[in-house]
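Peer 1: So here's start_32.cif (mmCIF, C-alpha atoms).
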```
data_protein
#
loop_
_atom_site.label_atom_id
_atom_site.label_comp_id
_atom_site.auth_asym_id
_atom_site.auth_seq_id
_atom_site.Cartn_x
_atom_site.Cartn_y
_atom_site.Cartn_z
CA MET A 236 -38.66 -15.56 -41.33
CA ILE A 237 -38.39 -11.81 -40.80
CA GLN A 238 -41.15 -10.61 -38.61
CA ILE A 239 -41.61 -8.23 -35.73
CA ASN A 240 -43.75 -9.49 -32.90
CA MET A 241 -44.15 -9.40 -29.14
CA ASN A 242 -40.72 -10.90 -28.69
CA LEU A 243 -39.30 -7.43 -29.31
CA VAL A 244 -40.97 -6.21 -26.12
CA TYR A 245 -39.77 -9.25 -24.21
CA THR A 246 -36.25 -8.63 -25.42
CA ILE A 247 -36.41 -5.02 -24.28
CA ILE A 248 -37.58 -6.16 -20.85
CA ASN A 249 -34.82 -8.74 -20.79
CA LEU A 250 -32.21 -6.16 -21.67
CA VAL A 251 -33.41 -3.70 -19.04
CA VAL A 252 -33.32 -6.44 -16.43
CA LEU A 253 -29.88 -7.52 -17.59
CA TYR A 254 -28.70 -3.93 -17.39
CA LEU A 255 -29.96 -3.54 -13.83
CA LEU A 256 -28.50 -6.87 -12.76
CA LEU A 257 -25.10 -6.27 -14.29
CA ARG A 258 -24.94 -2.76 -12.95
CA HIS A 259 -25.74 -4.01 -9.48
CA PHE A 260 -23.62 -7.13 -9.46
CA LEU A 261 -20.70 -6.39 -11.74
CA ILE A 262 -20.00 -2.81 -12.67
CA ARG A 263 -20.83 -1.01 -9.45
CA PRO A 264 -18.84 -3.24 -7.06
CA VAL A 265 -15.80 -3.32 -9.29
CA THR A 266 -15.92 0.43 -9.86
CA GLN A 267 -16.32 1.06 -6.15
CA VAL A 268 -13.34 -1.10 -5.30
CA MET A 269 -11.22 0.67 -7.88
CA GLU A 270 -12.37 4.08 -6.60
CA LYS A 271 -11.59 3.07 -3.04
CA ARG A 272 -8.13 1.89 -3.99
CA LYS A 273 -7.48 5.09 -5.88
CA GLN A 274 -8.61 7.12 -2.89
CA MET A 275 -6.38 5.07 -0.61
CA VAL A 276 -3.35 5.59 -2.80
CA GLU A 277 -4.01 9.31 -2.94
CA GLU A 278 -4.40 9.43 0.82
CA GLY A 279 -1.13 7.56 1.22
CA PHE A 280 0.62 10.05 -1.00
CA LYS A 281 -0.87 12.93 0.93
CA ASN A 282 0.18 11.42 4.25
CA ALA A 283 3.70 10.86 3.01
CA GLN A 284 3.87 14.47 1.83
CA ASP A 285 2.61 15.74 5.18
CA MET A 286 5.10 13.63 7.07
CA GLN A 287 7.94 14.86 4.92
CA ASN A 288 6.90 18.44 5.54
CA ASP A 289 6.77 17.79 9.28
CA ALA A 290 10.21 16.20 9.22
CA LEU A 291 11.63 19.17 7.32
CA LYS A 292 10.12 21.59 9.80
CA MET A 293 11.52 19.65 12.74
CA LYS A 294 14.93 19.52 11.12
CA GLN A 295 14.87 23.29 10.71
CA GLU A 296 13.94 23.73 14.35
CA TYR A 297 16.73 21.44 15.44
CA GLU A 298 19.21 23.31 13.33
CA GLU A 299 18.10 26.59 14.84
CA ALA A 300 18.40 25.18 18.35
CA LEU A 301 21.79 23.74 17.52
CA SER A 302 23.19 27.02 16.21
CA GLY A 303 21.80 28.78 19.31
CA ALA A 304 23.59 26.27 21.50
CA LYS A 305 26.81 26.82 19.61
CA GLN A 306 26.62 30.57 20.14
CA GLU A 307 25.82 30.04 23.78
CA SER A 308 28.80 27.74 24.25
CA VAL A 309 31.11 30.20 22.53
CA ARG A 310 29.86 32.94 24.85
CA ILE A 311 30.36 30.77 27.93
CA VAL A 312 33.88 29.80 26.93
CA ASP A 313 34.72 33.46 26.27
CA ASN A 314 33.41 34.48 29.68
CA ALA A 315 35.35 31.70 31.36
CA ARG A 316 38.52 32.69 29.55
CA ARG A 317 38.10 36.32 30.53
CA ALA A 318 37.46 35.40 34.18
CA ALA A 319 40.45 33.09 34.20
CA ARG A 320 42.70 35.79 32.78
CA ALA A 321 41.54 38.29 35.39
CA GLU A 322 42.15 35.77 38.13
CA TYR A 323 45.60 34.96 36.73
CA ASP A 324 46.54 38.62 36.54
CA ARG A 325 45.36 39.18 40.06
CA ILE A 326 47.32 36.20 41.42
CA VAL A 327 50.49 37.08 39.54
CA GLY A 328 50.26 40.71 40.69
CA GLU A 329 49.77 39.67 44.30
CA ALA A 330 52.69 37.26 44.11
CA GLY A 331 54.90 39.98 42.65
CA GLU A 332 53.97 42.39 45.40
CA LYS A 333 54.55 39.82 48.06
CA ALA A 334 57.94 38.92 46.59
CA GLY A 335 58.88 42.62 46.48
CA SER A 336 57.97 43.15 50.11
CA ILE A 337 59.91 40.01 51.14
CA ILE A 338 62.98 41.23 49.29
CA GLU A 339 62.66 44.64 50.89
CA SER A 340 62.45 43.19 54.38
CA ALA A 341 65.37 40.89 53.65
CA LYS A 342 67.46 43.85 52.52
CA GLU A 343 66.50 45.77 55.66
CA THR A 344 67.50 42.83 57.82
CA VAL A 345 70.82 42.47 56.06
CA ARG A 346 71.57 46.18 56.49
CA MET A 347 70.72 46.15 60.12
CA GLU A 348 72.82 43.05 60.64
CA ARG A 349 75.80 44.67 58.98
CA GLU A 350 75.50 47.82 61.04
CA LYS A 351 75.37 45.79 64.19
CA THR A 352 78.40 43.75 63.09
CA MET A 353 80.33 46.89 62.26
CA LYS A 354 79.63 48.37 65.64
CA GLU A 355 80.81 45.19 67.31
CA LEU A 356 83.89 45.09 65.13
CA GLN A 357 84.74 48.69 65.96
CA SER A 358 84.51 48.07 69.66
CA GLU A 359 86.55 44.88 69.35
CA ILE A 360 89.19 46.56 67.21
CA ALA A 361 89.37 49.34 69.75
CA GLY A 362 89.97 46.76 72.47
CA LEU A 363 92.61 45.02 70.40
CA ALA A 364 94.30 48.28 69.60
CA ALA A 365 94.33 49.23 73.22
CA ALA A 366 95.82 45.88 74.14
CA SER A 367 98.48 46.06 71.47
CA ALA A 368 99.21 49.63 72.43
CA ALA A 369 99.67 48.60 76.03
CA LYS A 370 102.13 45.96 74.90
CA ILE A 371 104.06 48.50 72.84
CA VAL A 372 103.97 50.97 75.70
CA GLY A 373 105.38 48.29 77.92
CA ARG A 374 108.50 48.21 75.74
CA GLN A 375 108.88 51.93 74.76
CA THR A 376 107.91 54.90 76.81
CA GLY A 377 106.75 58.33 75.74
CA GLU A 378 103.15 59.47 75.91
CA GLN A 379 103.48 61.53 72.80
CA ALA A 380 104.40 58.54 70.69
CA ASP A 381 101.48 56.56 72.16
CA ARG A 382 98.83 58.99 71.14
CA GLU A 383 100.26 59.38 67.65
CA LEU A 384 100.31 55.67 67.10
CA TYR A 385 96.75 55.20 68.32
CA GLU A 386 95.36 57.89 66.08
CA GLN A 387 97.22 56.57 63.10
CA PHE A 388 95.90 53.04 63.68
CA LEU A 389 92.30 54.21 64.04
CA LYS A 390 92.50 56.10 60.75
CA GLU A 391 93.88 53.15 58.86
CA THR A 392 91.28 50.66 60.20
CA ALA A 393 88.39 53.08 59.58
CA GLY A 394 89.56 53.52 55.95
CA LYS A 395 89.70 49.75 55.44
CA ALA A 396 86.32 49.17 57.08
CA GLY A 397 84.75 51.84 54.75
CA GLU A 398 86.10 50.07 51.65
CA GLY A 399 84.83 46.74 52.94
CA SER A 400 81.26 48.00 53.49
CA GLU A 401 81.17 49.43 49.95
CA ASN A 402 82.05 46.02 48.56
CA GLU A 403 79.25 44.37 50.54
CA ASP A 404 76.60 46.78 49.23
CA ARG A 405 77.27 45.92 45.65
CA MET B 87 -34.19 -24.08 -44.32
CA GLU B 88 -35.75 -24.67 -40.96
CA GLU B 89 -32.44 -23.65 -39.36
CA MET B 90 -33.06 -20.06 -40.34
CA ASN B 91 -36.43 -19.79 -38.74
CA CYS B 92 -36.86 -18.57 -35.23
CA GLU B 93 -39.00 -21.21 -33.76
CA THR B 94 -41.49 -20.58 -31.06
CA VAL B 95 -40.23 -22.62 -28.13
CA PHE B 96 -43.37 -22.53 -26.06
CA THR B 97 -46.52 -20.51 -25.71
CA LEU B 98 -47.61 -18.76 -22.55
CA PRO B 99 -51.32 -18.25 -21.96
CA VAL B 100 -51.32 -14.43 -21.83
CA LEU B 101 -48.00 -13.36 -23.34
CA GLY B 102 -48.18 -15.47 -26.44
CA GLY B 103 -45.34 -17.28 -28.18
CA ILE B 104 -41.90 -17.06 -26.63
CA SER B 105 -39.36 -17.35 -29.39
CA GLU B 106 -36.00 -19.09 -29.30
CA SER B 107 -34.09 -15.82 -29.19
CA VAL B 108 -35.77 -14.78 -25.96
CA VAL B 109 -34.93 -18.10 -24.36
CA VAL B 110 -31.32 -17.83 -25.48
CA THR B 111 -31.27 -14.30 -24.08
CA TRP B 112 -32.31 -15.71 -20.74
CA ILE B 113 -29.45 -18.16 -20.96
CA ILE B 114 -27.06 -15.33 -21.79
CA MET B 115 -28.36 -13.34 -18.84
CA ALA B 116 -27.68 -16.28 -16.58
CA VAL B 117 -24.23 -16.76 -18.12
CA LEU B 118 -23.40 -13.11 -17.45
CA VAL B 119 -25.03 -12.53 -14.09
CA ILE B 120 -24.10 -15.70 -12.22
CA PRO B 121 -20.33 -15.37 -12.83
CA SER B 122 -20.58 -11.67 -11.96
CA ILE B 123 -22.09 -12.52 -8.59
CA ILE B 124 -19.46 -15.18 -7.97
CA LEU B 125 -16.52 -13.05 -9.09
CA THR B 126 -17.52 -9.92 -7.19
CA ARG B 127 -18.41 -11.75 -3.98
CA ASN B 128 -15.30 -10.85 -2.05
CA LEU B 129 -13.57 -7.98 -3.72
CA ARG B 130 -10.67 -6.56 -1.79
CA VAL B 131 -9.24 -3.08 -1.89
CA GLU B 132 -5.84 -4.31 -0.77
CA ASN B 133 -4.04 -7.34 -2.18
CA PRO B 134 -6.52 -8.19 -4.92
CA GLY B 135 -6.36 -11.67 -6.36
CA LYS B 136 -5.49 -12.51 -9.93
CA VAL B 137 -9.13 -12.98 -10.91
CA GLN B 138 -10.09 -9.65 -9.40
CA LEU B 139 -7.22 -7.92 -11.16
CA ALA B 140 -8.30 -9.38 -14.50
CA LEU B 141 -11.88 -8.30 -13.84
CA GLU B 142 -10.79 -4.81 -12.88
CA ALA B 143 -8.56 -4.56 -15.91
CA ALA B 144 -11.44 -5.54 -18.21
CA ILE B 145 -13.94 -3.17 -16.60
CA SER B 146 -11.52 -0.28 -16.49
CA TRP B 147 -10.55 -0.90 -20.12
CA ALA B 148 -14.22 -0.65 -21.11
CA GLN B 149 -14.75 2.40 -18.94
CA ASP B 150 -11.72 4.15 -20.38
CA PHE B 151 -12.84 3.30 -23.88
CA PHE B 152 -16.34 4.73 -23.42
CA GLU B 153 -15.03 7.70 -21.48
CA GLY B 154 -12.82 8.49 -24.44
CA VAL B 155 -15.86 8.53 -26.71
CA ILE B 156 -18.61 10.18 -24.65
CA GLY B 157 -16.50 12.18 -22.21
CA LYS B 158 -15.88 12.02 -18.49
CA GLU B 159 -18.96 14.08 -17.60
CA ASN B 160 -21.31 11.48 -19.13
CA ARG B 161 -20.10 8.54 -17.08
CA ARG B 162 -23.66 7.65 -16.10
CA TYR B 163 -24.32 6.04 -19.50
CA ILE B 164 -21.27 3.81 -19.33
CA PRO B 165 -22.84 0.90 -17.38
CA TYR B 166 -25.55 0.51 -20.03
CA LEU B 167 -23.01 0.56 -22.84
CA ILE B 168 -20.88 -2.04 -21.04
CA THR B 169 -23.98 -4.19 -20.55
CA VAL B 170 -24.84 -4.06 -24.25
CA LEU B 171 -21.23 -4.77 -25.17
CA LEU B 172 -21.12 -7.85 -22.94
CA TYR B 173 -24.54 -9.05 -24.10
CA LEU B 174 -23.67 -8.70 -27.79
CA ALA B 175 -20.24 -10.26 -27.32
CA VAL B 176 -21.80 -13.34 -25.74
CA ALA B 177 -24.83 -13.40 -28.08
CA ASN B 178 -22.71 -13.22 -31.23
CA THR B 179 -20.35 -15.98 -30.16
CA ILE B 180 -22.90 -18.28 -28.56
CA ALA B 181 -23.20 -20.19 -31.84
CA LEU B 182 -19.93 -21.83 -30.80
CA PHE B 183 -21.86 -23.64 -28.09
CA GLY B 184 -24.64 -24.80 -30.40
CA PHE B 185 -27.23 -22.13 -29.71
CA LYS B 186 -28.76 -20.02 -32.40
CA PRO B 187 -27.46 -16.48 -31.85
CA PRO B 188 -30.36 -14.26 -30.72
CA THR B 189 -28.94 -11.39 -32.76
CA LYS B 190 -29.95 -13.12 -35.96
CA ASP B 191 -33.55 -12.52 -34.88
CA LEU B 192 -34.73 -9.12 -36.07
CA ASN B 193 -36.74 -8.64 -32.88
CA VAL B 194 -33.60 -8.62 -30.75
CA THR B 195 -31.62 -6.20 -32.91
CA ALA B 196 -34.68 -3.98 -33.24
CA ALA B 197 -35.08 -3.97 -29.48
CA LEU B 198 -31.44 -3.02 -29.05
CA ALA B 199 -31.75 -0.29 -31.67
CA ILE B 200 -34.90 1.16 -30.11
CA MET B 201 -33.18 1.31 -26.74
CA SER B 202 -30.18 2.97 -28.36
CA MET B 203 -32.49 5.48 -30.03
CA PHE B 204 -34.15 6.40 -26.75
CA LEU B 205 -30.77 6.61 -25.03
CA ILE B 206 -29.35 8.86 -27.78
CA GLU B 207 -32.25 11.29 -27.72
CA TYR B 208 -32.55 11.18 -23.93
CA SER B 209 -28.88 12.01 -23.48
CA GLY B 210 -29.24 14.96 -25.85
CA ILE B 211 -32.33 16.31 -24.08
CA ARG B 212 -30.81 15.81 -20.65
CA LYS B 213 -27.59 17.56 -21.58
CA ASN B 214 -28.91 20.56 -23.50
CA GLY B 215 -32.58 20.81 -22.58
CA LEU B 216 -35.74 20.16 -24.59
CA LYS B 217 -35.67 23.54 -26.33
CA HIS B 218 -32.18 23.06 -27.66
CA TRP B 219 -33.10 19.53 -28.70
CA LEU B 220 -36.11 20.77 -30.68
CA ARG B 221 -34.16 23.62 -32.19
CA HIS B 222 -31.26 21.48 -33.37
CA PHE B 223 -33.52 19.91 -36.02
CA GLY B 224 -33.52 23.26 -37.86
CA GLN B 225 -29.79 23.67 -37.94
CA PRO B 226 -27.79 24.77 -39.76
CA VAL B 227 -30.71 25.76 -42.07
CA PRO B 228 -34.40 25.00 -41.49
CA VAL B 229 -34.63 23.27 -44.88
CA VAL B 230 -32.78 20.22 -43.56
CA ALA B 231 -35.36 19.68 -40.79
CA PRO B 232 -37.07 16.68 -42.45
CA ILE B 233 -33.73 14.97 -42.93
CA MET B 234 -32.75 15.67 -39.33
CA VAL B 235 -36.04 14.20 -38.12
CA LEU B 236 -35.51 11.18 -40.33
CA GLU B 237 -32.05 10.79 -38.84
CA VAL B 238 -33.61 10.04 -35.46
CA VAL B 239 -35.07 6.87 -36.96
CA ILE B 240 -32.36 6.12 -39.51
CA ARG B 241 -29.53 5.94 -37.03
CA PRO B 242 -31.05 3.14 -34.94
CA LEU B 243 -32.38 1.48 -38.09
CA SER B 244 -28.87 1.29 -39.52
CA LEU B 245 -27.59 -0.09 -36.21
CA CYS B 246 -30.35 -2.71 -36.18
CA MET B 247 -29.97 -3.77 -39.78
CA ARG B 248 -26.18 -3.87 -39.70
CA LEU B 249 -26.15 -6.20 -36.74
CA PHE B 250 -29.02 -8.33 -37.99
CA GLY B 251 -27.62 -8.61 -41.52
CA ASN B 252 -24.15 -9.52 -40.36
CA MET B 253 -25.26 -12.17 -37.95
CA LEU B 254 -27.88 -13.68 -40.23
CA ALA B 255 -25.48 -13.79 -43.17
CA GLY B 256 -22.75 -15.35 -41.08
CA PHE B 257 -25.17 -17.90 -39.72
CA VAL B 258 -26.56 -18.79 -43.14
CA VAL B 259 -23.12 -19.08 -44.74
CA LEU B 260 -21.92 -21.28 -41.94
CA GLU B 261 -24.98 -23.53 -42.07
CA LEU B 262 -24.65 -23.95 -45.82
CA LEU B 263 -20.96 -24.72 -45.50
CA LYS B 264 -21.64 -27.24 -42.79
CA TYR B 265 -24.26 -28.82 -45.04
CA PHE B 266 -21.92 -29.19 -48.02
CA VAL B 267 -18.47 -29.65 -46.41
CA PRO B 268 -18.97 -30.90 -42.89
CA LEU B 269 -15.26 -31.53 -42.20
CA ILE B 270 -12.40 -29.14 -41.25
CA ILE B 271 -13.30 -26.34 -43.73
CA PRO B 272 -15.97 -24.80 -41.43
CA VAL B 273 -13.38 -24.35 -38.66
CA PRO B 274 -11.60 -21.21 -39.99
CA VAL B 275 -14.88 -19.89 -41.38
CA SER B 276 -16.50 -20.37 -38.00
CA PHE B 277 -13.55 -18.57 -36.45
CA TYR B 278 -14.15 -15.63 -38.72
CA PHE B 279 -17.95 -15.43 -38.54
CA ASP B 280 -18.55 -16.49 -34.96
CA ILE B 281 -15.62 -14.98 -33.12
CA PHE B 282 -14.08 -12.19 -35.19
CA ASP B 283 -17.21 -10.86 -36.86
CA GLY B 284 -19.31 -11.38 -33.76
CA LEU B 285 -16.98 -9.39 -31.51
CA LEU B 286 -16.46 -6.79 -34.20
CA GLN B 287 -20.19 -6.24 -34.57
CA ALA B 288 -20.62 -5.96 -30.80
CA TYR B 289 -17.84 -3.37 -30.74
CA VAL B 290 -19.27 -1.47 -33.69
CA PHE B 291 -22.77 -1.39 -32.20
CA VAL B 292 -21.77 0.13 -28.85
CA PHE B 293 -19.16 2.36 -30.43
CA LEU B 294 -21.67 3.86 -32.83
CA THR B 295 -24.25 4.24 -30.09
CA ALA B 296 -21.71 6.13 -27.98
CA LEU B 297 -20.69 8.20 -30.98
CA PHE B 298 -24.28 9.19 -31.78
CA MET B 299 -24.79 10.12 -28.15
CA THR B 300 -21.75 12.39 -28.24
CA GLU B 301 -23.06 13.96 -31.43
CA GLU B 302 -26.44 14.52 -29.85
CA MET B 303 -24.92 16.04 -26.69
CA GLU B 304 -22.89 18.66 -28.54
#
```
Starting from the coordinates I provided, produce the structure as structure tokens.
Peer 2:
Amino acid sequence: MIQINMNLVYTIINLVVLYLLLRHFLIRPVTQVMEKRKQMVEEGFKNAQDMQNDALKMKQEYEEALSGAKQESVRIVDNARRAARAEYDRIVGEAGEKAGSIIESAKETVRMEREKTMKELQSEIAGLAAASAAKIVGRQTGEQADRELYEQFLKETAGKAGEGSENEDR
Amino acid sequence: MEEMNCETVFTLPVLGGISESVVVTWIIMAVLVIPSIILTRNLRVENPGKVQLALEAAISWAQDFFEGVIGKENRRYIPYLITVLLYLAVANTIALFGFKPPTKDLNVTAALAIMSMFLIEYSGIRKNGLKHWLRHFGQPVPVVAPIMVLEVVIRPLSLCMRLFGNMLAGFVVLELLKYFVPLIIPVPVSFYFDIFDGLLQAYVFVFLTALFMTEEME
């Protein structure tokens, strides 16, 4: 019942063959597939990490570019404002000057006009006075009285004309 | 009584008598290898099927188990241990299908034990070198050297006898029970001896082999 014989050797051969077969057909393929999957998953993780890093870097670059643009725009707006103010000042100054010169010339014209008018008035008044004097002379004689009257009249009208011109100036 | 004998199935001209256990071992080899070929025919890295997932789960469970015992750096011995585990698991439960388990033949358990012995000593020599292997017999004191040398033989002998004794005893008890009470009663007993004890002994055999290897590689 209990005996050791050649079947021990056959069993050893059988086991070695079974080992080789199973290793080739079962354990190695399954292990390889599992290894491959593990590798794939690790690669996927690595790729995801890389992509995230890239995205972060790009975001940083964009932010830098954006802040640069903001500064640039602020500078441009400042420049534009400054230029506009200078232009405004220049235009307002010019307009003021022009208005001043127009007023000056208008004043000059008015003065000249008045002088001319006064001269005309004086000559007219003289004529009128002469005429009225002639009328008076026609009624009353006496050269002495004539001259006195004429002088007196001239004085009075000149005084009135002076007051009138002062009022106009104001 | 004739149930306990290992009959010679047929005789080859040169090799001599081929016993029943060797023939059953061939059957077990076929039972293990053919499904392996079929199951691993189209393995996929992406979208594995249910069968492939189950297969991977089983293999990775075994690999993790042996890695836990012998360490990650000794992965090369794992395929052999898995092979022995599968062979013993099938051999110990094959009585359910009407075959005589080959592990109740002393030749088979002795063969397994001798292979374990060579594997244990080989792993030690490979890991630490021949000098260290020779020197470790004299440690911690040279007086224990004879016992340490004996241990080389005793370890596989205990493996061999444990497996053989368990399987033979289970087989004999079950045959006697079947002879006296052929109805119903053998069912739970068969459950215990054929399935529970069979798988337990397979587990114990490979576990102890791995443990001895670790010891030898220290």
Peer 1: For chain B against chain A, with a cut-off of 6 Å and counting only C-alpha atoms, what is the closest atom pair and its distance in Å to one decimal for every residue that makes the cut, ordered by chain and number, as JSON lines?
Peer 2:
```
{"residue": "B:Asn91", "atom": "CA", "partner": "A:Met236", "partner_atom": "CA", "distance": 5.4}
{"residue": "B:Ser122", "atom": "CA", "partner": "A:Leu261", "partner_atom": "CA", "distance": 5.3}
{"residue": "B:Ile123", "atom": "CA", "partner": "A:Phe260", "partner_atom": "CA", "distance": 5.7}
{"residue": "B:Val131", "atom": "CA", "partner": "A:Arg272", "partner_atom": "CA", "distance": 5.5}
{"residue": "B:Thr169", "atom": "CA", "partner": "A:Tyr254", "partner_atom": "CA", "distance": 5.7}
{"residue": "B:Asn193", "atom": "CA", "partner": "A:Leu243", "partner_atom": "CA", "distance": 4.6}
{"residue": "B:Val194", "atom": "CA", "partner": "A:Thr246", "partner_atom": "CA", "distance": 6.0}
{"residue": "B:Ala197", "atom": "CA", "partner": "A:Leu243", "partner_atom": "CA", "distance": 5.5}
```
Peer 1: Enter the distance from CA of Glu355 in chain A to CA of Ala393 in chain A, in Å, rounded to one decimal.
Peer 2: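 According to the coordinates, CA of Glu355 in chain A and CA of Ala393 in chain A are separated by 13.4 Å.
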Peer 1: Could you spell out the hits of the PyMOL selection byres ((chain B and resi 207-217) around 10) on the shown file, as number ranges by chain?
Peer 2: B: 160, 163, 202-206, 218-222, 238, 298-304
Peer 1: Around (100.1, 53.9, 66.5) in the file's frame, which residues reach within 12 Å when counting all atoms listed in the file? Return as a list in words?
Peer 2: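 In the file's frame, the residues around the point are Ala364, Ala365, Ala366, Ser367, Ala368, Ala369, Lys370, Ile371, Val372, Glu378, Gln379, Ala380, Asp381, Arg382, Glu383, Leu384, Tyr385, Glu386, Gln387, Phe388, Leu389, Lys390, Glu391 and Thr392 of chain A.
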Peer 1: When you look at Thr179 in chain B with a cut-off of 8 Å (counting all atoms listed in the file), what residues show up, excluding the ones that are within fewer than 5 positions of it in the same chain? I need them as a ChimeraX atom specification.
Peer 2: /B:187,280-281,284-285
Peer 1: What does the structure give for the distance between CA of Thr126 in chain B and CA of Phe152 in chain B, in Å to one decimal?
Peer 2: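 Between CA of Thr126 in chain B and CA of Phe152 in chain B the gap works out to 21.9 Å.
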Peer 1: Around the point (-18.7, 1.4, -23.4) (coordinates from the file), which residues reach within 7 Å if we count all atoms listed in the file? Answer as a count of residues only.
Peer 2: 9
Peer 1: Name the residues captured by the PyMOL selection byres ((chain B and resi 260-267) around 12) when it is applied to the shown file; answer as a short mmCIF file (atom, residue, chain, number, x, y, z; two decimals) with C-alpha atoms, in the frame of the given file.
Peer 2:
```cif
data_model
loop_
_atom_site.label_atom_id
_atom_site.label_comp_id
_atom_site.auth_asym_id
_atom_site.auth_seq_id
_atom_site.Cartn_x
_atom_site.Cartn_y
_atom_site.Cartn_z
CA MET B 87 -34.19 -24.08 -44.32
CA GLU B 88 -35.75 -24.67 -40.96
CA GLU B 89 -32.44 -23.65 -39.36
CA MET B 90 -33.06 -20.06 -40.34
CA ALA B 181 -23.20 -20.19 -31.84
CA LEU B 182 -19.93 -21.83 -30.80
CA GLY B 184 -24.64 -24.80 -30.40
CA LYS B 186 -28.76 -20.02 -32.40
CA MET B 253 -25.26 -12.17 -37.95
CA LEU B 254 -27.88 -13.68 -40.23
CA ALA B 255 -25.48 -13.79 -43.17
CA GLY B 256 -22.75 -15.35 -41.08
CA PHE B 257 -25.17 -17.90 -39.72
CA VAL B 258 -26.56 -18.79 -43.14
CA VAL B 259 -23.12 -19.08 -44.74
CA PRO B 268 -18.97 -30.90 -42.89
CA LEU B 269 -15.26 -31.53 -42.20
CA ILE B 270 -12.40 -29.14 -41.25
CA ILE B 271 -13.30 -26.34 -43.73
CA PRO B 272 -15.97 -24.80 -41.43
CA VAL B 273 -13.38 -24.35 -38.66
CA PRO B 274 -11.60 -21.21 -39.99
CA VAL B 275 -14.88 -19.89 -41.38
CA SER B 276 -16.50 -20.37 -38.00
CA PHE B 277 -13.55 -18.57 -36.45
CA TYR B 278 -14.15 -15.63 -38.72
CA PHE B 279 -17.95 -15.43 -38.54
CA ASP B 280 -18.55 -16.49 -34.96
#
```
Peer 1: Between CA of Lys190 in chain B and CA of Ala177 in chain B, what is the distance in Å, rounded to a tenth?
Peer 2: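 If I compute the distance from CA of Lys190 in chain B to CA of Ala177 in chain B, I get 9.4 Å.
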Peer 1: Using the file's own x, y and z axes, so that the box edges lie along x, y and z, what centre and edge lengths in Å (one decimal) does a box around every listed atom of range 303-309 of chain A get when 4 Å is added on each side? Give it as AutoDock Vina command-line options.
Peer 2:
```
--center_x 26.5 --center_y 28.4 --center_z 21.8 --size_x 17.3 --size_y 12.3 --size_z 12.9
```
